[in-house]
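S.K.: Just so it is clear, I am handing over protein27.txt, which has compact mmCIF, C-alpha atoms.
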# COMPACT_ATOMS: atom_id res chain seq x y z
CA MET A 1 150.48 109.08 82.99
CA ALA A 2 147.63 111.59 82.75
CA ASN A 3 145.94 112.74 85.96
CA ILE A 4 142.15 113.20 85.74
CA LEU A 5 139.98 115.04 88.28
CA ILE A 6 136.30 114.00 88.47
CA ILE A 7 133.89 116.53 90.00
CA ASP A 8 130.55 114.87 90.77
CA ASP A 9 128.37 114.64 93.90
CA ASN A 10 127.26 111.05 93.11
CA ASP A 11 129.55 108.48 94.78
CA ALA A 12 128.47 105.67 92.45
CA VAL A 13 129.29 107.79 89.38
CA CYS A 14 132.71 108.72 90.78
CA THR A 15 133.54 105.09 91.61
CA ALA A 16 132.51 103.88 88.15
CA LEU A 17 134.50 106.61 86.38
CA LYS A 18 137.63 106.13 88.50
CA THR A 19 137.55 102.40 87.82
CA LEU A 20 137.10 102.98 84.07
CA PHE A 21 139.99 105.45 83.89
CA MET A 22 142.36 103.41 86.06
CA LEU A 23 141.82 100.36 83.85
CA GLN A 24 143.04 102.53 80.95
CA GLY A 25 146.21 103.52 82.81
CA TYR A 26 145.09 106.97 83.94
CA GLN A 27 145.35 108.35 87.45
CA ALA A 28 141.94 109.48 88.70
CA HIS A 29 140.75 111.42 91.76
CA SER A 30 137.20 112.52 92.60
CA VAL A 31 135.63 115.33 94.64
CA ALA A 32 131.97 116.00 95.38
CA SER A 33 131.66 119.80 95.27
CA GLU A 34 132.96 123.03 93.84
CA GLN A 35 134.76 123.90 97.09
CA GLN A 36 136.51 120.51 97.26
CA ALA A 37 137.56 120.83 93.62
CA LEU A 38 139.16 124.25 94.15
CA ALA A 39 140.88 123.06 97.33
CA TYR A 40 142.30 119.99 95.53
CA LEU A 41 143.51 122.04 92.56
CA ALA A 42 145.31 124.45 94.88
CA ASN A 43 147.75 121.62 95.77
CA ALA A 44 147.69 119.28 92.76
CA GLN A 45 148.26 119.38 89.03
CA VAL A 46 145.76 117.73 86.71
CA ASP A 47 145.77 117.10 82.95
CA LEU A 48 141.99 116.88 82.48
CA ILE A 49 138.85 117.73 84.45
CA LEU A 50 135.57 115.84 84.02
CA GLN A 51 132.95 118.11 85.53
CA ASP A 52 129.31 117.56 86.44
CA MET A 53 126.93 120.50 85.94
CA ASN A 54 124.68 120.11 89.03
CA PHE A 55 125.84 119.54 92.62
CA ALA A 56 122.83 120.24 94.89
CA LYS A 57 120.01 117.71 95.26
CA GLY A 58 117.15 118.57 92.88
CA GLU A 59 119.27 121.10 90.96
CA MET A 60 118.82 120.72 87.18
CA THR A 61 119.56 124.15 85.67
CA GLY A 62 123.29 123.68 85.29
CA SER A 63 123.99 127.14 86.75
CA GLN A 64 126.29 125.69 89.43
CA GLY A 65 128.34 123.88 86.82
CA LYS A 66 128.46 126.95 84.61
CA ALA A 67 129.82 129.10 87.46
CA LEU A 68 132.39 126.44 88.35
CA PHE A 69 133.49 126.06 84.74
CA TYR A 70 134.31 129.76 84.45
CA GLN A 71 136.21 129.60 87.75
CA LEU A 72 138.22 126.63 86.52
CA ARG A 73 138.86 128.21 83.13
CA ALA A 74 140.22 131.37 84.83
CA LEU A 75 142.33 129.31 87.23
CA LEU A 76 143.61 126.76 84.67
CA PRO A 77 143.28 128.30 81.18
CA ASP A 78 145.24 125.51 79.49
CA THR A 79 143.69 122.47 81.20
CA ALA A 80 141.23 120.32 79.24
CA ILE A 81 137.67 120.38 80.71
CA ILE A 82 134.89 117.97 79.67
CA LEU A 83 131.33 118.61 80.87
CA MET A 84 129.01 115.78 81.97
CA THR A 85 125.38 115.85 83.12
CA ALA A 86 121.90 114.53 82.48
CA TRP A 87 120.24 117.89 83.11
CA THR A 88 121.19 121.13 81.40
CA SER A 89 120.18 123.19 78.39
CA ILE A 90 121.73 122.85 74.95
CA ASP A 91 122.23 126.63 74.79
CA MET A 92 124.37 126.49 77.92
CA VAL A 93 126.43 123.62 76.54
CA VAL A 94 127.07 125.53 73.32
CA GLU A 95 128.09 128.62 75.32
CA LEU A 96 130.59 126.67 77.45
CA VAL A 97 132.08 124.82 74.48
CA LYS A 98 132.62 128.19 72.80
CA ALA A 99 134.22 129.38 76.04
CA GLY A 100 136.76 126.56 75.90
CA ALA A 101 135.16 123.32 77.11
CA CYS A 102 136.53 120.35 75.13
CA ASP A 103 133.25 118.47 74.82
CA TYR A 104 129.98 117.49 76.49
CA ILE A 105 129.06 113.96 77.59
CA ALA A 106 125.46 113.08 78.46
CA LYS A 107 124.54 110.74 81.32
CA PRO A 108 124.25 107.80 81.20
CA TRP A 109 127.48 107.74 79.26
CA ASP A 110 128.90 105.31 76.75
CA ASP A 111 132.30 104.05 78.01
CA GLU A 112 133.88 103.87 74.56
CA ARG A 113 132.78 107.36 73.54
CA LEU A 114 133.88 108.80 76.87
CA LEU A 115 137.35 107.23 76.62
CA THR A 116 137.72 108.41 73.03
CA THR A 117 136.73 111.95 74.03
CA VAL A 118 139.18 111.94 76.95
CA ALA A 119 142.03 110.61 74.78
CA LYS A 120 141.44 113.26 72.10
CA ALA A 121 141.20 116.04 74.68
CA LEU A 122 144.47 114.96 76.31
CA GLN A 123 146.21 114.69 72.95
CA LEU A 124 145.04 118.17 71.92
CA SER A 125 146.07 119.60 75.28
CA GLN A 126 149.55 118.08 74.98
CA LEU A 127 149.89 119.45 71.45
CA GLN A 128 148.86 122.93 72.58
CA GLN A 129 151.29 122.81 75.50
CA SER A 130 154.07 121.68 73.15
CA GLN A 131 153.30 124.59 70.81
CA GLN A 132 153.25 126.99 73.75
CA ARG A 133 156.66 125.74 74.86
CA LEU A 134 157.99 126.21 71.33
CA ALA A 135 156.48 129.71 71.20
CA GLN A 136 158.07 130.59 74.54
CA LYS A 137 161.44 129.31 73.35
CA GLN A 138 161.03 131.26 70.13
CA GLN A 139 160.31 134.40 72.14
CA ALA A 140 163.41 133.76 74.26
CA ARG A 141 165.44 133.30 71.08
CA LEU A 142 164.13 136.54 69.61
CA SER A 143 164.93 138.42 72.82
CA ALA A 144 168.54 137.29 72.40
CA PHE A 145 168.56 139.13 69.05
CA ALA A 146 167.09 142.35 70.48
CA GLY A 147 168.39 145.40 68.66
CA LYS A 148 169.46 143.35 65.64
CA ASP A 149 167.86 143.53 62.20
CA LEU A 150 166.82 140.02 61.18
CA CYS A 151 165.29 141.31 57.93
CA GLY A 152 161.99 139.56 58.59
CA LEU A 153 163.52 136.09 58.95
CA VAL A 154 161.33 133.68 60.94
CA PHE A 155 162.83 130.64 62.65
CA ALA A 156 162.36 128.26 65.57
CA SER A 157 165.13 125.70 64.99
CA SER A 158 168.38 125.67 66.92
CA ALA A 159 170.24 125.26 63.59
CA MET A 160 168.96 128.63 62.31
CA GLU A 161 169.52 130.26 65.69
CA GLN A 162 173.19 129.23 65.66
CA LEU A 163 173.62 130.32 62.03
CA LEU A 164 172.12 133.76 62.70
CA GLN A 165 174.28 134.21 65.79
CA MET A 166 177.36 133.53 63.66
CA ALA A 167 176.12 135.85 60.90
CA LEU A 168 175.60 138.67 63.42
CA GLN A 169 179.05 138.07 64.81
CA LEU A 170 180.52 138.40 61.30
CA ALA A 171 178.34 141.33 60.22
CA PRO A 172 180.51 144.21 61.57
CA SER A 173 183.63 142.94 59.75
CA ASN A 174 184.66 143.34 56.11
CA ALA A 175 185.40 139.63 55.76
CA ALA A 176 184.21 137.88 52.59
CA VAL A 177 181.57 135.27 53.45
CA LEU A 178 180.57 132.28 51.33
CA ILE A 179 176.98 131.17 52.00
CA THR A 180 176.33 127.58 50.96
CA GLY A 181 173.22 125.43 50.82
CA GLU A 182 170.70 123.90 48.49
CA ASN A 183 168.44 125.97 46.25
CA GLY A 184 165.60 127.60 48.17
CA THR A 185 167.15 127.34 51.65
CA GLY A 186 167.30 131.13 52.15
CA LYS A 187 170.87 132.13 51.29
CA GLU A 188 169.85 135.61 50.14
CA GLY A 189 168.16 136.25 53.48
CA ILE A 190 171.42 135.57 55.32
CA ALA A 191 173.23 137.99 53.00
CA GLN A 192 170.63 140.64 53.86
CA VAL A 193 171.20 140.07 57.60
CA LEU A 194 174.99 140.39 57.15
CA HIS A 195 174.57 143.72 55.33
CA ALA A 196 171.80 145.14 57.54
CA ASN A 197 173.88 144.69 60.71
CA SER A 198 177.13 146.02 59.25
CA PRO A 199 178.60 149.55 59.23
CA ARG A 200 177.72 149.55 55.50
CA LYS A 201 173.96 149.25 56.11
CA HIS A 202 173.26 152.83 54.96
CA LYS A 203 174.88 152.10 51.58
CA ALA A 204 173.58 149.81 48.82
CA LEU A 205 173.27 146.05 48.95
CA VAL A 206 173.63 145.08 45.29
CA LYS A 207 172.41 141.56 44.44
CA VAL A 208 173.66 139.76 41.34
CA ASN A 209 172.28 136.40 40.23
CA MET A 210 175.25 135.00 38.29
CA GLY A 211 173.15 132.13 36.99
CA ALA A 212 170.77 134.53 35.22
CA LEU A 213 173.47 136.52 33.37
CA PRO A 214 174.57 135.55 29.85
CA ALA A 215 178.24 134.50 29.92
CA ASP A 216 179.25 137.09 27.30
CA LEU A 217 177.72 139.95 29.34
CA MET A 218 178.74 138.81 32.81
CA GLU A 219 181.95 140.83 33.04
CA ALA A 220 180.29 143.96 31.67
CA GLU A 221 177.48 143.52 34.20
CA LEU A 222 179.92 143.26 37.10
CA PHE A 223 182.62 145.73 36.11
CA GLY A 224 180.89 148.01 33.60
CA ALA A 225 181.66 148.78 29.96
CA GLU A 226 182.53 151.83 27.89
CA ALA A 227 180.40 152.85 24.91
CA GLY A 228 181.32 150.72 21.88
CA ALA A 229 182.96 148.00 23.99
CA TYR A 230 180.61 145.52 22.34
CA SER A 231 178.01 145.62 19.60
CA GLY A 232 174.90 147.63 20.50
CA LEU A 233 176.37 149.46 23.50
CA THR A 234 175.99 153.17 22.72
CA LYS A 235 176.68 154.65 26.15
CA THR A 236 178.81 153.86 29.18
CA ARG A 237 177.42 151.08 31.34
CA LEU A 238 177.95 151.31 35.09
CA GLY A 239 178.95 147.95 36.63
CA ARG A 240 177.50 146.40 39.76
CA PHE A 241 180.74 146.89 41.70
CA GLU A 242 180.65 150.64 41.09
CA ALA A 243 176.98 150.70 42.11
CA ALA A 244 177.91 148.94 45.37
CA ASP A 245 180.79 151.28 46.25
CA GLY A 246 180.81 151.81 50.02
CA GLY A 247 178.28 149.02 50.48
CA THR A 248 177.96 145.29 49.85
CA ILE A 249 177.70 143.13 46.74
CA PHE A 250 176.04 139.71 46.90
CA LEU A 251 177.09 137.33 44.14
CA ASP A 252 174.61 134.46 44.03
CA GLU A 253 175.53 131.24 42.18
CA ILE A 254 179.17 132.33 42.12
CA GLY A 255 180.19 129.03 40.51
CA ASN A 256 178.82 130.31 37.18
CA LEU A 257 181.42 133.09 36.86
CA SER A 258 183.74 132.66 33.85
CA LEU A 259 187.48 132.13 34.38
CA SER A 260 188.30 135.60 33.02
CA GLY A 261 185.64 137.07 35.30
CA GLN A 262 187.11 135.10 38.21
CA MET A 263 190.51 136.66 37.55
CA LYS A 264 189.03 140.18 37.63
CA LEU A 265 187.04 139.38 40.77
CA LEU A 266 190.17 138.10 42.48
CA ARG A 267 191.89 141.40 41.71
CA VAL A 268 188.97 143.39 43.14
CA LEU A 269 189.08 141.32 46.32
CA GLN A 270 192.85 141.86 46.64
CA THR A 271 193.13 145.55 45.70
CA GLY A 272 189.65 146.96 45.07
CA GLU A 273 190.80 147.81 41.52
CA PHE A 274 189.32 146.96 38.10
CA GLU A 275 188.81 148.36 34.60
CA ARG A 276 185.58 148.67 32.72
CA LEU A 277 185.29 146.57 29.60
CA GLY A 278 186.88 148.55 26.72
CA SER A 279 188.72 150.93 29.07
CA SER A 280 192.30 151.18 30.31
CA VAL A 281 191.39 153.46 33.21
CA THR A 282 191.85 151.76 36.57
CA ARG A 283 189.02 152.38 39.02
CA LYS A 284 188.89 151.60 42.71
CA VAL A 285 185.94 150.71 44.93
CA ASP A 286 185.37 149.83 48.59
CA VAL A 287 182.98 146.89 48.50
CA ARG A 288 182.35 143.95 50.81
CA VAL A 289 181.82 140.76 48.83
CA LEU A 290 179.29 138.13 49.91
CA SER A 291 178.78 135.13 47.67
CA ALA A 292 176.58 132.06 47.59
CA THR A 293 176.48 128.72 45.85
CA ASN A 294 174.59 125.45 45.87
CA ALA A 295 177.47 123.74 44.03
CA ASP A 296 180.55 121.97 45.39
CA LEU A 297 183.27 124.48 44.47
CA THR A 298 186.03 122.09 45.54
CA LYS A 299 184.98 119.77 42.71
CA ALA A 300 184.95 122.74 40.31
CA ILE A 301 188.50 123.51 41.44
CA SER A 302 189.57 119.92 40.76
CA SER A 303 188.12 120.10 37.24
CA GLY A 304 189.76 123.46 36.54
CA ALA A 305 186.43 125.35 36.32
CA PHE A 306 187.06 127.48 39.42
CA ARG A 307 190.21 129.18 40.67
CA GLN A 308 191.52 127.88 43.97
CA ASP A 309 193.00 131.25 44.99
CA LEU A 310 189.63 132.94 44.39
CA TYR A 311 187.88 130.25 46.42
CA TYR A 312 190.05 131.00 49.45
CA ARG A 313 189.45 134.74 49.04
CA LEU A 314 185.68 134.25 48.91
CA ASN A 315 185.57 131.64 51.63
CA VAL A 316 187.17 133.48 54.53
CA VAL A 317 184.18 132.21 56.51
CA GLU A 318 181.52 129.78 55.30
CA LEU A 319 177.93 129.89 56.52
CA HIS A 320 176.05 126.71 55.63
CA LEU A 321 172.26 126.67 55.52
CA GLN A 322 170.74 123.28 56.27
CA GLU A 323 167.90 121.87 54.19
CA LEU A 324 164.39 122.57 55.48
CA LYS A 325 163.83 118.86 56.17
CA ASN A 326 166.62 119.13 58.76
CA ARG A 327 165.03 122.26 60.29
CA ARG A 328 161.58 120.83 61.06
CA ASP A 329 160.85 123.37 63.79
CA ASP A 330 161.01 126.15 61.17
CA ILE A 331 158.27 124.70 58.95
CA LEU A 332 155.12 125.84 60.78
CA PRO A 333 156.39 129.33 61.74
CA LEU A 334 157.39 129.89 58.10
CA ALA A 335 154.05 128.57 56.83
CA ARG A 336 152.14 130.95 59.11
CA LEU A 337 154.31 133.82 57.89
CA PHE A 338 153.55 132.98 54.25
CA LEU A 339 149.79 132.76 55.00
CA ARG A 340 149.98 136.35 56.32
CA GLY A 341 147.27 135.71 58.91
CA GLU A 342 144.63 135.52 56.18
CA LYS A 343 144.01 131.78 56.67
CA THR A 344 144.95 129.20 59.28
CA LEU A 345 146.17 125.61 59.10
CA SER A 346 144.14 122.71 60.46
CA LYS A 347 145.99 120.26 62.73
CA GLU A 348 145.87 117.71 59.90
CA ALA A 349 147.40 120.25 57.48
CA GLU A 350 150.17 121.01 59.99
CA GLN A 351 150.93 117.30 60.30
CA ALA A 352 151.04 116.98 56.49
CA LEU A 353 153.53 119.85 56.26
CA LEU A 354 155.72 118.32 58.97
CA ALA A 355 155.67 114.88 57.30
CA TYR A 356 156.63 116.18 53.83
CA ASN A 357 160.28 115.98 52.73
CA TRP A 358 160.59 119.51 51.16
CA PRO A 359 162.97 118.89 48.24
CA GLY A 360 162.44 122.54 47.22
CA ASN A 361 163.12 123.82 50.74
CA VAL A 362 161.74 127.20 51.93
CA ARG A 363 160.93 128.36 48.40
CA GLU A 364 158.71 125.32 47.84
CA LEU A 365 156.96 125.89 51.19
CA GLN A 366 156.28 129.50 50.22
CA ASN A 367 154.81 128.48 46.86
CA ILE A 368 152.57 125.83 48.42
CA CYS A 369 151.28 128.26 51.06
CA GLN A 370 150.61 130.97 48.47
CA ARG A 371 148.69 128.50 46.30
CA ALA A 372 146.63 127.31 49.28
CA LEU A 373 145.95 130.93 50.23
CA LEU A 374 144.48 131.53 46.79
CA LEU A 375 142.61 128.25 46.25
CA ALA A 376 141.52 126.90 49.65
CA PRO A 377 137.71 127.35 49.81
CA GLU A 378 137.55 127.78 53.60
CA ALA A 379 139.34 129.98 56.13
CA GLN A 380 141.05 126.91 57.56
CA ILE A 381 143.41 125.09 55.21
CA GLN A 382 143.05 121.29 55.00
CA PRO A 383 145.66 118.76 53.74
CA ALA A 384 143.96 118.50 50.32
CA ASP A 385 144.31 122.28 49.87
CA LEU A 386 148.11 121.95 50.10
CA ALA A 387 148.25 119.61 47.09
CA LEU A 388 151.56 118.12 48.25
CA PRO A 389 153.17 115.86 45.60
CA GLN A 390 152.10 112.28 46.26
CA GLU A 391 155.44 110.71 45.44
CA GLU A 392 157.01 112.65 48.28
CA THR A 393 154.42 111.77 50.91
CA SER A 394 153.90 108.12 49.95
CA GLY A 395 157.38 106.99 51.01
CA LYS A 396 159.07 106.96 54.40
CA ARG A 397 157.70 109.76 56.54
CA ALA A 398 160.11 112.52 57.44
CA LEU A 399 159.73 112.16 61.22
CA ASP A 400 159.87 108.37 61.04
CA ASP A 401 163.65 108.30 61.51
CA PHE A 402 163.33 106.67 64.95
CA GLU A 403 161.06 103.73 65.66
CA GLN A 404 158.38 104.25 68.31
CA GLN A 405 159.96 101.54 70.43
CA GLN A 406 163.32 103.37 70.40
CA ILE A 407 161.74 106.58 71.65
CA GLU A 408 159.70 104.81 74.35
CA GLN A 409 162.79 102.91 75.51
CA ALA A 410 164.84 106.12 75.64
CA LEU A 411 162.13 107.81 77.72
CA GLN A 412 162.01 104.83 80.04
CA ASP A 413 165.81 104.75 80.42
CA ALA A 414 165.78 108.49 81.15
CA GLY A 415 163.08 108.15 83.79
CA GLY A 416 160.73 110.29 81.71
CA VAL A 417 163.14 113.24 81.63
CA ILE A 418 162.83 114.69 78.09
CA ALA A 419 166.27 116.34 78.06
CA ARG A 420 168.03 113.06 78.98
CA ALA A 421 166.07 111.02 76.46
CA ALA A 422 166.80 113.55 73.70
CA LYS A 423 170.51 113.48 74.54
CA GLN A 424 170.51 109.68 74.42
CA LEU A 425 168.86 109.76 70.96
CA GLY A 426 171.20 112.51 69.74
CA ILE A 427 168.43 115.02 68.93
CA SER A 428 167.13 118.25 70.47
CA ARG A 429 164.28 118.33 72.97
CA GLN A 430 162.06 120.08 70.40
CA ALA A 431 162.83 117.32 67.88
CA LEU A 432 161.94 114.67 70.47
CA TYR A 433 158.63 116.42 71.24
CA ARG A 434 157.84 116.43 67.49
CA ARG A 435 158.45 112.68 67.24
CA MET A 436 156.43 111.95 70.37
CA GLU A 437 153.56 113.96 68.84
CA PHE A 438 154.05 112.05 65.56
CA TYR A 439 153.68 108.65 67.30
CA GLY A 440 151.07 109.80 69.84
CA ILE A 441 153.40 109.19 72.81
CA ALA A 442 152.15 111.08 75.88
CA THR A 443 154.53 113.45 77.66
CA PRO A 444 155.71 111.74 80.88
Show the structure stored in the file as structure tokens.

M.R.:
Amino acid sequence: MANILIIDDNDAVCTALKTLFMLQGYQAHSVASEQQALAYLANAQVDLILQDMNFAKGEMTGSQGKALFYQLRALLPDTAIILMTAWTSIDMVVELVKAGACDYIAKPWDDERLLTTVAKALQLSQLQQSQQRLAQKQQARLSAFAGKDLCGLVFASSAMEQLLQMALQLAPSNAAVLITGENGTGKEGIAQVLHANSPRKHKALVKVNMGALPADLMEAELFGAEAGAYSGLTKTRLGRFEAADGGTIFLDEIGNLSLSGQMKLLRVLQTGEFERLGSSVTRKVDVRVLSATNADLTKAISSGAFRQDLYYRLNVVELHLQELKNRRDDILPLARLFLRGEKTLSKEAEQALLAYNWPGNVRELQNICQRALLLAPEAQIQPADLALPQEETSGKRALDDFEQQQIEQALQDAGGVIARAAKQLGISRQALYRRMEFYGIATP
């Protein structure tokens, strides 16, 4: 229940406003002067202040209210303040709104407009406080990774935090790691973190997209080939494994490797030895192998398309990246990163991004932000500028996985304690805050 402080020297005005607010379910308290307001605020917390601009009889300049506003803004920088008076200059109102006042209500006021203004101000304040809490948690998360190279990765979700902690724990070892997840989830970024925090970081990280290599050239690309090994090759070709000697090789879309290539890869993993195509000379390298796939390799094993022994060599540890739709807290930090500070997102655009299902994951988000950066006509991006596919946004909304009644009941059962309600629903506190924002449920 929101707590509203009314600052006005007119008893009749205070009584009318307190009655109006209490009928709407708000708590309301009134004081008659600047001194009383500051004394009350020293011992009480308020969610919104409705402030008159003149307190002395015959005063009409608004200077008293202006001075009080700046005192209140310095004392409570995050509290919503609405100005109200019959006598003041428009220039002063504009100045104070620019300085952080939520709005200005003229006397005599319209009850409906006043209540709408108060509701919007409270909603915006709660959203800002929620974002501040998320930012503080993000800062705390980043401090836990102090001294580590995250390779520019941005995250706010607990899922990514746990994954990165595991990756950093694995980084110093030589263990083969299989990174799994849908296309566009950021598997290459995790491989970069593993390499950058390993003893091999001063050597090469060689990336190979197995899906982009022709099948007949795949083995030559990986292990090299002698001149004349195949038509058109006139000089020795150095393979990716030789290029990665002493460092790390990242084999993306590993499920595309041919069976003969799988056999050679298995040997490299076991002994570090291989031969170039067209050569009988055995060569040896010291390479850590990281691989990634969006396919189910166990099914490929069952069909005979992938060697089981190679699978177990590659999958000493598996790191699984969740889809972006399951990492909702990462969406806005990533979007701001992709916008590079050149443009900002309106609140409506942020809501549209959060409600979208992201079938293309982080890669799709990056593309949409880059397009909006180029085509949005204003400095602030609106939902239309995002051009999100209609078929994805017209169905069940992404945050609509709990009914409003379920969330309200959980909050009631938990006595308004967010952590308890989140635990009852089986989601994180951040996820619960997102859904409360989605439904317009006020923070208890």

S.K.: Considering only C-alpha atoms, return as a list in words whatever protein or nucleic-acid residues lie within 7 Å of A:Ala225, sequence-local ones (same chain, fewer than 6 positions apart) excluded.

M.R.: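 The filter keeps Thr236, Arg237, Leu238, Arg276, Leu277 and Gly278 of chain A.
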
S.K.: Using all atoms listed in the file, what residues lie at most 10 Å away from (135.6, 129.4, 60.5) (file coordinates), given as a list of chain:residue names?

M.R.: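 Returned residue set, sorted by chain then number, is A:Lys343, A:Thr344, A:Glu378, A:Ala379, A:Gln380.
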
S.K.: With distances taken over all atoms listed in the file, which of A:Leu217, A:Leu386, A:Ala243, A:Ile418 is nearest to A:Ser231?

M.R.: A:Leu217

S.K.: Separation of atom CA of A:Ala422 and atom CA of A:Arg328, in Å?

M.R.: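 A separation of 15.5 Å between them.
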
S.K.: I want to know what sits within 8 Å of stretch 437-441 of chain A, based on all atoms listed in the file, with residues of the same chain fewer than 6 positions away left out; could you give that as a list of chain:residue names?

M.R.: A:Gln123, A:Leu127, A:Leu399, A:Gln404, A:Glu408

S.K.: Any idea what's packed within 12 Å of A:Gln45, counting only C-alpha atoms, ignoring anything in its chain fewer than 5 positions away? Could you give it as an NGL selection string?

M.R.: :A and (2-5 or 27-29 or 37-40 or 75-76 or 78-79)

S.K.: Could you tell me which of A:Met160, A:Ala300, A:Ala121, A:Ala414 comes closest to A:Gly186 if we count all atoms listed in the file?

M.R.: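 Looking at the shortest contact to A:Gly186, the residue is A:Met160.
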
S.K.: Would you compute the distance between atom CA of A:Leu345 and atom CA of A:Pro383? Give it in Å to one decimal.

M.R.: 8.7 Å

S.K.: To one decimal in Å, tell me the separation between atom CA of A:Glu273 and atom CA of A:Ala244.

M.R.: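 For atom CA of A:Glu273 relative to atom CA of A:Ala244, the distance reads 13.5 Å.
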
S.K.: Out of A:Met1, A:Leu290, A:Leu114, A:Ile331, which residue has the shortest atom-to-atom distance to A:Ser173 when counting only C-alpha atoms?

M.R.: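 Nearest candidate to A:Ser173 out of A:Met1, A:Leu290, A:Leu114, A:Ile331: A:Leu290.
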
S.K.: Set the distance at 8 Å and use only C-alpha atoms: which residues neighbour A:Ala86 once local chain neighbours fewer than 4 positions away are removed? I'd like the list as a ChimeraX atom specification.

M.R.: /A:106-108

S.K.: Using only C-alpha atoms, pick whichever of A:Leu170, A:Cys151, A:Leu388, A:Val13 has the shortest atom-to-atom distance to A:Ala372.

M.R.: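 Closest candidate: A:Leu388.
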
S.K.: Fewer than 3 positions away in the same chain doesn't count, so skip those; otherwise give me all residues within 10 Å of A:Ala176, counting all atoms listed in the file, as a list in words.

M.R.: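 My list of contacting residues is Leu170, Ser173, Ile179, Leu269, Val287, Arg288, Val289, Leu290, Ser291, Tyr312, Arg313, Leu314, Asn315, Val316, Val317 and Glu318 of chain A.
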
S.K.: Please list, as a list in words, the residues that have an atom at most 9 Å away from (135.6, 106.0, 81.2) in the coordinates of this file, counting only C-alpha atoms.

M.R.: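 Taken together, the residues in range are Ala16, Leu17, Lys18, Thr19, Leu20, Phe21, Met22, Leu23, Gln24, Trp109, Asp110, Asp111, Glu112, Arg113, Leu114, Leu115, Thr116 and Val118 of chain A.
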
S.K.: When distances are computed from all atoms listed in the file, which of A:Ala159, A:Leu251, A:Ala442, A:Ile81 shows the smallest separation from A:Glu323?

M.R.: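 Comparing A:Ala159, A:Leu251, A:Ala442, A:Ile81 against A:Glu323, the winner is A:Ala159.
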
S.K.: Because some atoms of stretch 290-294 of chain A are absent here, can you restore all heavy atoms and send them as a compact mmCIF listing (two decimals), keeping the file's coordinate frame?

M.R.:
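And here's out.txt as it stands now:
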# COMPACT_ATOMS: atom_id res chain seq x y z
N LEU A 290 179.95 139.33 49.41
CA LEU A 290 179.29 138.13 49.91
C LEU A 290 178.93 137.28 48.70
O LEU A 290 178.51 137.82 47.67
CB LEU A 290 178.01 138.49 50.68
CG LEU A 290 178.14 139.51 51.81
CD1 LEU A 290 176.76 139.82 52.40
CD2 LEU A 290 179.09 139.02 52.90
N SER A 291 179.11 136.00 48.79
CA SER A 291 178.78 135.13 47.67
C SER A 291 178.03 133.91 48.16
O SER A 291 178.03 133.59 49.36
CB SER A 291 180.06 134.70 46.92
OG SER A 291 180.98 134.11 47.81
N ALA A 292 177.38 133.24 47.23
CA ALA A 292 176.58 132.06 47.59
C ALA A 292 176.64 131.04 46.47
O ALA A 292 176.82 131.39 45.30
CB ALA A 292 175.13 132.46 47.87
N THR A 293 176.51 129.79 46.86
CA THR A 293 176.48 128.72 45.85
C THR A 293 175.77 127.50 46.41
O THR A 293 175.76 127.27 47.62
CB THR A 293 177.92 128.33 45.43
OG1 THR A 293 177.86 127.34 44.41
CG2 THR A 293 178.71 127.78 46.61
N ASN A 294 175.15 126.75 45.50
CA ASN A 294 174.59 125.45 45.87
C ASN A 294 175.46 124.33 45.31
O ASN A 294 175.13 123.16 45.43
CB ASN A 294 173.16 125.30 45.34
CG ASN A 294 173.10 125.30 43.83
OD1 ASN A 294 174.01 125.77 43.16
ND2 ASN A 294 172.02 124.76 43.28
